[in-house]
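Okay, so here's the structure we're looking at.
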Amino acid sequence: MFISLQHFPRRLWKSKRIQAVVCRRNILLVAVGLLLSSEVYAQTATLRGFVSDQSNGESLPGANVSLLDAAGDLFGAAANNDGFYAIGRLVPGEYVVVVSFVGFTSHVDTLRFARDEIHSYNVALAPDTEELGEVVVDAERTAGAARVLAGLQTVLPAEIDRIPSVDIAGDLASYLTLLPGVVTIGDQGGQFFIRGGEPWQNLVLLDGVLLYQPFHILGFFSAFPSDILNSVDFYAGGFGARYGGRISSVIDVTTRFGNKRRFAGAITASPFIIGTRLEGPLDETGKHSFLASFRHSIIEQGATHLIDRPVPFQFDDFFFKVHSALTRDSRFSFTLLRTYDRGKIGEDVGETPLAEVRWENQMAGLRYLVLPGSIPVLAEFRIGYSLLTSELGPNDAPIRFARTSRVNTSADLTFYGGLVDIRWGLFARTLNLSSELGGLFQNFAFDKEWVTEVGIYGEPEFKPIRGLSVAPGIRIHSFPSKRETYVEPRVRASYEKGAHRFSGAMGLYHQEIIGVSDRRDATSVFTAWAAVPKKSGVPEAIHFILGYNYTISRRLDMAVEGFRKWYSNLFIAEWTAFPRLTTRIQPADGDVVGMDFRLEYRTPKFYGQINYGLSSVKYDAKQESLELWFGTAKFRFRPAHDRRHQVNILASAKVKKFDLTARWQFGSGLPYNRALGFDGFVLMDTAIDVFGEPGDRRVIYEQPFNGVLPTYHRLDLSVERTFEAAGADITLQGSILNAYDRSNIFYLDVFTLQRADQLPFIPSFGIKVEVN
């Protein structure tokens with residue numbers, strides 16, 4: 001599959017003529033979609049509304065809304081993350097409407113539609129606790145590891161809570177490491193490499209607002225505890241036209257509204273972190289609610305004594321949200337987030353003490369959702385603010401500093417036309433970038449800079465026959481301050497017939513704002529954001545994905561997906577014989593190819609999942625000094641995140657009143673820069689006594705990243721039991737990470753040849769007291 005595509009897409013997509021043809025075709029498809037939808041809409045009716053949980057007012061994403069006409073024809077739609085649904089192209093007449101969701105009592109009613117009617121119909125479903133055991137299994141079939149669709153996987157909080165962790169509350173970071181194609185260098189630093197891409201190439205959104213560095217310094221934690229989540233759309237590649245500004249992946253996080261019926265909350269505690277959550281109504285109408293969460297690490301006071309080893313990390317996060325159902329057809333929300341991280345990555349195994357790194361995220365977002373009364377459109381308006389400040393070195397005199405802020409405004413509209421749904425939008429952004437890196441990169445100027453970006457996108461979704469969906473898209477974004485414009489054609493498609501589903505995606509992506517870090521150092525997590533320098537090519541990627549899903553039985557699903565990414569104009573640090581000194585930024589191209597295999601099994605009392613990932617990541621560096629070392633100025637090598645093989649096995653069982661979970665991870669060895677020896681170096685820029693001047697130690701390398709570290713594997717275990725007492729649910733958890741105490745290497749110091757290992761055997765315990 002990949003051999004025949006090795007040259008075809010690269011050559012094809014690089015052609016400006018081909019790009020222009022594809023862009024014109026996509027624009028034509030958008031226009032045709034609008035025309036077809038308007039014709040159909042003029043003769044028919046539309047049903048739309050919101051589906052919610054009667055017990056707390058939360059939305060029910062994935063709820064099914066079905067209409068049955070007098071002739072026995074069936075029409076339907078699924079609710080989105082807001083619980084919104086729309087069914088267009090309805091012939092006037094009488095219909096039976098059924099609204100259903102697993103774990104809830106179905107709602108049945110009869111509705112009559114007139115010509116050109118736009119009928120708003122909101123439904124609140126009541127929980128059905130008697131059937132909850134079996135229907136939870138069916139609920140997860142809408143998400144789950146084996147339900148991946150052309151790189152897209154929807155993650156629900158219940159799936160996150162299964163993962164054994166050092167904290168009793170689940171966290172998105174622990175779940176992401178379960179997925180094939182997701183690589184972390186170690187359990188410290190919070191750096192995620194997704195299908196060959198680097199961390200700065202990932203787009204992470206919280207309720208539609210960008211977060212620059214959302215993962216905490218200890219890799220088990222992120223800014224996203226499962227208690228506040230509604231759902232997560234994770235695109236490992238091939239994302240559609242509504243997303244842009246990044247070239248690798250998208251993590252789109254949607255949070256809950258908060259309980260609109262009554263006050264609820266929880267307190268959690270473990271040797272690693274303590275946390276609290278509070279939510280409830282803001283008035284007696286049941287239309288307005290809030291949700292607040294705060295977590296603070298106590299690693300230095302607690303977990304350090306369990307491990308018998310210094311773990312110099314501190315982090316916390318605060319989340320707050322207000323949600324309001326203003327009217328039957330409009331919604332408003334306001335979201336705040338702050339995170340803080342501080343610590344030293346790795347161990348003091350070298351001659352140079354580790355430097356402390358610190359970063360802080362601040363984020364605020366406004367969102368207004370409205371259904372215009374006269375047309376079948378969902379309109380969404382957003383204003384968001386994001387800020388990241390980072391420091392490396394002593395608190396009073398940092399060696400490096402970076403500050404990045406962004407203000408974003410956007411308008412997104414979705415037209416529901418039955419055979420064709422059309423999503424399009426406008427956006428405008430202003431970014432302020434500033435940094436001081438102490439001369440780390442000799443040829444890359446860092447200074448305060450303002451950057452503006454504006455753009456538009458269109459993405460019709462054609463559904464000509466049952467089970468077939470084709471969504472071509474076009475994204476055009478421009479940087480007036482830099483006089484640059486980029487046109488990005490994309491397409492996503494799927495076809496489902498019975499137990500079989502086929503999917504695919506392809507697209508062109510650019511990234512004008514880049515993250516620059518020194519990947520020569522395995523412990524480096526400090527990243528400075530900057531605009532691409534003038535006269536330099538903008539990082540670009542082409543994605544290609546093909547996937548197949550098969551529902552083997554009601555309880556067993558299988559999925560396999562092949563992918564390829566071509567990168568160009570990347571920015572990486574030059575490889576020098578002075579790893580402790582300054583360097584230069586060099587251009588590079590990348591090539592990623594791989595496949596994922598997933599098998600998922602569910603029963604009411606047992607859950608099992610097996611994931612396997614195979615991938616190859618290659619960089620082509622362009623560096624003049626390489627010719628002196630290796631005889632060529634262009635050199636192909638494996639970057640430090642090229643993990644060829646990954647295996648993840650997860651098993652969870654209910655035994656009497658206990659929940660037992662086990663997870664085993666395996667990863668083949670990562671590349672590293674192997675040293676052959678050392679010599680001395682004296683810079684002869686003045687008259688120097690070479691007999692008295694000791695000079696600097698210089699490393700004599702093999703070819704870059706020619707060594708391979710040992711394999712990684714780890715077993716994690718947990719057991720939980722929930723009790724009811726005094727109106728509260730009390731959950732106790734015991735967990736063990738790295739159960740057989742595997743010495744997994746984190747990095748190797750090239751000067752001392754001493755290794756620093758990841759965290760050892762860790763016993764932990766936790767308690768959660770929850771009032772609903």
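Simple scheme: letters A, B, ... for chains in structure tokens order, numbers from 1 for residues in each chain, numbers from 1 for ligands in the order shown.
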So that I can see what lies close to stretch 712-727 of chain A, please list as a VMD selection string the residues with an atom at most 6 Å from it, counting only C-alpha atoms and leaving out residues fewer than 2 positions away in the same chain. chain A and resid 164 658 to 667 729 to 739 744
Residue selection dump (C-alpha atoms) as a PDB file, in the first residue's frame:
```
ATOM      1  CA  PRO A 164      -4.476   2.603  36.110  1.00  0.00           C
ATOM      2  CA  PHE A 658     -14.257  -4.547  43.100  1.00  0.00           C
ATOM      3  CA  ASP A 659     -12.988  -3.006  39.855  1.00  0.00           C
ATOM      4  CA  LEU A 660      -9.684  -4.576  38.791  1.00  0.00           C
ATOM      5  CA  THR A 661      -7.555  -3.113  35.992  1.00  0.00           C
ATOM      6  CA  ALA A 662      -4.218  -4.079  34.457  1.00  0.00           C
ATOM      7  CA  ARG A 663      -2.267  -2.351  31.701  1.00  0.00           C
ATOM      8  CA  TRP A 664       0.929  -3.500  29.999  1.00  0.00           C
ATOM      9  CA  GLN A 665       2.975  -1.278  27.680  1.00  0.00           C
ATOM     10  CA  PHE A 666       5.821  -2.162  25.345  1.00  0.00           C
ATOM     11  CA  GLY A 667       7.895   0.078  23.107  1.00  0.00           C
ATOM     12  CA  ASP A 729     -20.059   7.812  47.329  1.00  0.00           C
ATOM     13  CA  ILE A 730     -16.641   6.961  48.780  1.00  0.00           C
ATOM     14  CA  THR A 731     -14.165   5.304  46.433  1.00  0.00           C
ATOM     15  CA  LEU A 732     -10.918   3.741  47.646  1.00  0.00           C
ATOM     16  CA  GLN A 733      -8.144   2.855  45.214  1.00  0.00           C
ATOM     17  CA  GLY A 734      -4.866   1.027  45.441  1.00  0.00           C
ATOM     18  CA  SER A 735      -2.489   1.101  42.467  1.00  0.00           C
ATOM     19  CA  ILE A 736       0.987  -0.007  41.452  1.00  0.00           C
ATOM     20  CA  LEU A 737       2.903   1.530  38.576  1.00  0.00           C
ATOM     21  CA  ASN A 738       5.835  -0.371  37.095  1.00  0.00           C
ATOM     22  CA  ALA A 739       4.766  -3.450  39.051  1.00  0.00           C
ATOM     23  CA  ASN A 744      13.363   1.884  31.766  1.00  0.00           C
TER      24      ASN A 744
END
```
Would you please work out which residue, of A:Val491, A:Val420, A:Leu229, A:Ala471, is nearest to A:Ala505 when using only C-alpha atoms? A:Val491
Across A:His323, A:Arg309, A:Arg195, A:Arg48, the smallest distance to A:Lys618, with only C-alpha atoms counted, is shown by A:Arg195
Using only C-alpha atoms, find each residue of stretch 145-212 of chain A with at least one atom at most 9 Å away from an atom of stretch 544-560 of chain A; report its shortest atom-to-atom pair and that distance in Å (one decimal), sort the rows by chain and rising residue number, and return the result as JSON lines.
```
{"residue": "A:Ala145", "atom": "CA", "partner": "A:Ala559", "partner_atom": "CA", "distance": 8.3}
{"residue": "A:Ala146", "atom": "CA", "partner": "A:Ala559", "partner_atom": "CA", "distance": 5.1}
{"residue": "A:Arg147", "atom": "CA", "partner": "A:Asn549", "partner_atom": "CA", "distance": 7.1}
{"residue": "A:Val148", "atom": "CA", "partner": "A:Ala559", "partner_atom": "CA", "distance": 7.2}
{"residue": "A:Leu149", "atom": "CA", "partner": "A:Gly547", "partner_atom": "CA", "distance": 7.0}
{"residue": "A:Ala150", "atom": "CA", "partner": "A:Gly547", "partner_atom": "CA", "distance": 5.8}
{"residue": "A:Gly151", "atom": "CA", "partner": "A:Ile545", "partner_atom": "CA", "distance": 7.1}
```
For N, CA, C and O atoms, I'd like the residues from the last selection saved as a PDB file, in the first residue's frame.
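The file below, selection-v9.pdb, is the result:
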```pdb
ATOM      1  N   ALA A 145     -11.478   2.545  21.292  1.00  0.00           N
ATOM      2  CA  ALA A 145     -10.261   2.472  20.485  1.00  0.00           C
ATOM      3  C   ALA A 145     -10.506   1.926  19.094  1.00  0.00           C
ATOM      4  O   ALA A 145      -9.877   2.347  18.126  1.00  0.00           O
ATOM      5  N   ALA A 146     -11.419   0.963  18.955  1.00  0.00           N
ATOM      6  CA  ALA A 146     -11.653   0.329  17.658  1.00  0.00           C
ATOM      7  C   ALA A 146     -12.669   1.075  16.812  1.00  0.00           C
ATOM      8  O   ALA A 146     -13.024   0.609  15.728  1.00  0.00           O
ATOM      9  N   ARG A 147     -13.147   2.238  17.267  1.00  0.00           N
ATOM     10  CA  ARG A 147     -14.093   3.039  16.489  1.00  0.00           C
ATOM     11  C   ARG A 147     -13.393   4.201  15.806  1.00  0.00           C
ATOM     12  O   ARG A 147     -14.007   5.220  15.502  1.00  0.00           O
ATOM     13  N   VAL A 148     -12.107   4.072  15.559  1.00  0.00           N
ATOM     14  CA  VAL A 148     -11.349   5.122  14.885  1.00  0.00           C
ATOM     15  C   VAL A 148     -11.851   5.284  13.464  1.00  0.00           C
ATOM     16  O   VAL A 148     -12.184   4.316  12.771  1.00  0.00           O
ATOM     17  N   LEU A 149     -11.953   6.532  13.008  1.00  0.00           N
ATOM     18  CA  LEU A 149     -12.499   6.853  11.687  1.00  0.00           C
ATOM     19  C   LEU A 149     -11.555   7.818  10.983  1.00  0.00           C
ATOM     20  O   LEU A 149     -11.550   9.015  11.263  1.00  0.00           O
ATOM     21  N   ALA A 150     -10.716   7.293  10.066  1.00  0.00           N
ATOM     22  CA  ALA A 150      -9.763   8.126   9.312  1.00  0.00           C
ATOM     23  C   ALA A 150      -8.959   9.025  10.244  1.00  0.00           C
ATOM     24  O   ALA A 150      -8.866  10.237  10.057  1.00  0.00           O
ATOM     25  N   GLY A 151      -8.365   8.421  11.267  1.00  0.00           N
ATOM     26  CA  GLY A 151      -7.524   9.163  12.196  1.00  0.00           C
ATOM     27  C   GLY A 151      -8.254   9.787  13.358  1.00  0.00           C
ATOM     28  O   GLY A 151      -7.614  10.270  14.296  1.00  0.00           O
TER      29      GLY A 151
END
```
Assign secondary structure with DSSP using the backbone only, and return the residues of stretch 82-222 of chain A in helix (DSSP H, G or I) as a ChimeraX atom specification. /A:129-142,145-147,157-161,172-176,199-201
For the residues in the current selection, export N, CA and C atoms as an mmCIF file, in the first residue's frame.
```cif
data_model
loop_
_atom_site.group_PDB
_atom_site.id
_atom_site.type_symbol
_atom_site.label_atom_id
_atom_site.label_comp_id
_atom_site.auth_asym_id
_atom_site.auth_seq_id
_atom_site.Cartn_x
_atom_site.Cartn_y
_atom_site.Cartn_z
ATOM 1 N N THR A 129 -31.870 3.358 35.280
ATOM 2 C CA THR A 129 -30.819 2.671 36.042
ATOM 3 C C THR A 129 -30.952 1.161 35.988
ATOM 4 N N GLU A 130 -32.142 0.628 35.686
ATOM 5 C CA GLU A 130 -32.317 -0.821 35.676
ATOM 6 C C GLU A 130 -31.547 -1.493 34.559
ATOM 7 N N GLU A 131 -31.353 -0.799 33.428
ATOM 8 C CA GLU A 131 -30.681 -1.404 32.284
ATOM 9 C C GLU A 131 -29.244 -0.930 32.139
ATOM 10 N N LEU A 132 -28.739 -0.219 33.115
ATOM 11 C CA LEU A 132 -27.450 0.456 32.952
ATOM 12 C C LEU A 132 -26.299 -0.494 32.709
ATOM 13 N N GLY A 133 -26.317 -1.683 33.335
ATOM 14 C CA GLY A 133 -25.181 -2.590 33.210
ATOM 15 C C GLY A 133 -24.869 -2.964 31.787
ATOM 16 N N GLU A 134 -25.867 -3.385 30.999
ATOM 17 C CA GLU A 134 -25.623 -3.839 29.635
ATOM 18 C C GLU A 134 -25.500 -2.675 28.664
ATOM 19 N N VAL A 135 -26.262 -1.590 28.902
ATOM 20 C CA VAL A 135 -26.251 -0.514 27.927
ATOM 21 C C VAL A 135 -24.975 0.299 27.964
ATOM 22 N N VAL A 136 -24.250 0.300 29.079
ATOM 23 C CA VAL A 136 -22.958 0.982 29.103
ATOM 24 C C VAL A 136 -22.039 0.396 28.045
ATOM 25 N N VAL A 137 -22.123 -0.895 27.830
ATOM 26 C CA VAL A 137 -21.325 -1.540 26.796
ATOM 27 C C VAL A 137 -21.665 -0.955 25.430
ATOM 28 N N ASP A 138 -22.966 -0.790 25.145
ATOM 29 C CA ASP A 138 -23.374 -0.244 23.861
ATOM 30 C C ASP A 138 -23.011 1.230 23.725
ATOM 31 N N ALA A 139 -23.060 1.953 24.827
ATOM 32 C CA ALA A 139 -22.752 3.387 24.776
ATOM 33 C C ALA A 139 -21.350 3.623 24.271
ATOM 34 N N GLU A 140 -20.413 2.794 24.723
ATOM 35 C CA GLU A 140 -19.026 3.005 24.354
ATOM 36 C C GLU A 140 -18.733 2.597 22.917
ATOM 37 N N ARG A 141 -19.686 1.944 22.254
ATOM 38 C CA ARG A 141 -19.451 1.557 20.872
ATOM 39 C C ARG A 141 -19.443 2.783 19.962
ATOM 40 N N THR A 142 -20.025 3.897 20.432
ATOM 41 C CA THR A 142 -19.940 5.126 19.658
ATOM 42 C C THR A 142 -18.556 5.748 19.775
ATOM 43 N N ALA A 145 -11.478 2.545 21.292
ATOM 44 C CA ALA A 145 -10.261 2.472 20.485
ATOM 45 C C ALA A 145 -10.506 1.926 19.094
ATOM 46 N N ALA A 146 -11.419 0.963 18.955
ATOM 47 C CA ALA A 146 -11.653 0.329 17.658
ATOM 48 C C ALA A 146 -12.669 1.075 16.812
ATOM 49 N N ARG A 147 -13.147 2.238 17.267
ATOM 50 C CA ARG A 147 -14.093 3.039 16.489
ATOM 51 C C ARG A 147 -13.393 4.201 15.806
ATOM 52 N N PRO A 157 -15.200 10.180 29.026
ATOM 53 C CA PRO A 157 -14.601 10.128 30.375
ATOM 54 C C PRO A 157 -14.543 8.726 30.963
ATOM 55 N N ALA A 158 -15.556 7.886 30.691
ATOM 56 C CA ALA A 158 -15.562 6.530 31.256
ATOM 57 C C ALA A 158 -14.364 5.716 30.776
ATOM 58 N N GLU A 159 -13.912 5.958 29.539
ATOM 59 C CA GLU A 159 -12.749 5.243 29.025
ATOM 60 C C GLU A 159 -11.474 5.706 29.722
ATOM 61 N N ILE A 160 -11.391 6.995 30.004
ATOM 62 C CA ILE A 160 -10.219 7.546 30.680
ATOM 63 C C ILE A 160 -10.100 6.985 32.095
ATOM 64 N N ASP A 161 -11.242 6.830 32.770
ATOM 65 C CA ASP A 161 -11.232 6.370 34.159
ATOM 66 C C ASP A 161 -10.760 4.927 34.297
ATOM 67 N N LEU A 172 -6.686 12.693 30.988
ATOM 68 C CA LEU A 172 -6.549 12.441 29.557
ATOM 69 C C LEU A 172 -5.139 12.023 29.182
ATOM 70 N N ALA A 173 -4.124 12.557 29.857
ATOM 71 C CA ALA A 173 -2.736 12.236 29.516
ATOM 72 C C ALA A 173 -2.472 10.741 29.631
ATOM 73 N N SER A 174 -2.995 10.098 30.682
ATOM 74 C CA SER A 174 -2.778 8.661 30.861
ATOM 75 C C SER A 174 -3.447 7.871 29.745
ATOM 76 N N TYR A 175 -4.595 8.349 29.269
ATOM 77 C CA TYR A 175 -5.289 7.618 28.209
ATOM 78 C C TYR A 175 -4.560 7.749 26.872
ATOM 79 N N LEU A 176 -4.043 8.923 26.568
ATOM 80 C CA LEU A 176 -3.382 9.126 25.273
ATOM 81 C C LEU A 176 -2.189 8.202 25.102
ATOM 82 N N PRO A 199 5.775 17.870 19.464
ATOM 83 C CA PRO A 199 4.761 18.497 20.324
ATOM 84 C C PRO A 199 4.268 19.849 19.830
ATOM 85 N N TRP A 200 5.151 20.672 19.256
ATOM 86 C CA TRP A 200 4.716 21.985 18.807
ATOM 87 C C TRP A 200 3.855 21.923 17.540
ATOM 88 N N GLN A 201 3.721 20.735 16.961
ATOM 89 C CA GLN A 201 2.890 20.573 15.772
ATOM 90 C C GLN A 201 1.483 20.065 16.103
#
```
Any idea what the distance is between atom CA of A:Gly196 and atom CA of A:Asp757?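 A separation of 23.6 Å between them.
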Calculated over only C-alpha atoms, which of the candidates A:Ala728, A:Asp591, A:Lys287, A:Lys654 has the smallest distance to A:Phe637?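 With only C-alpha atoms as the atom set, the closest residue is A:Asp591.
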Using only C-alpha atoms: which of A:Ser743, A:Gln314, A:Ser330, A:Thr686 has the shortest distance to A:Gly302: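 Checking each of A:Ser743, A:Gln314, A:Ser330, A:Thr686 against A:Gly302, counting only C-alpha atoms, the winner is A:Gln314.
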Kindly indicate which residue among A:Gly144, A:Gly265, A:Gly677, A:Gly562 lies nearest to A:Val771, using only C-alpha atoms for the distances.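 That would be A:Gly265, the residue with the smallest distance to A:Val771.
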From the list A:His119, A:Lys768, A:Arg483, A:Arg242, which residue is nearest A:Ile375 when using only C-alpha atoms? A:His119
Tell me, as a ChimeraX atom specification, which residues lie within 7 Å of A:His543, counting only C-alpha atoms; anything in the same chain fewer than 5 positions away does not count. /A:237-238,506-508,564-566
For atom CA of A:Arg262 and atom CA of A:Gly280, the interatomic separation in Å (one decimal):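 If I compute the distance from atom CA of A:Arg262 to atom CA of A:Gly280, I get 5.4 Å.
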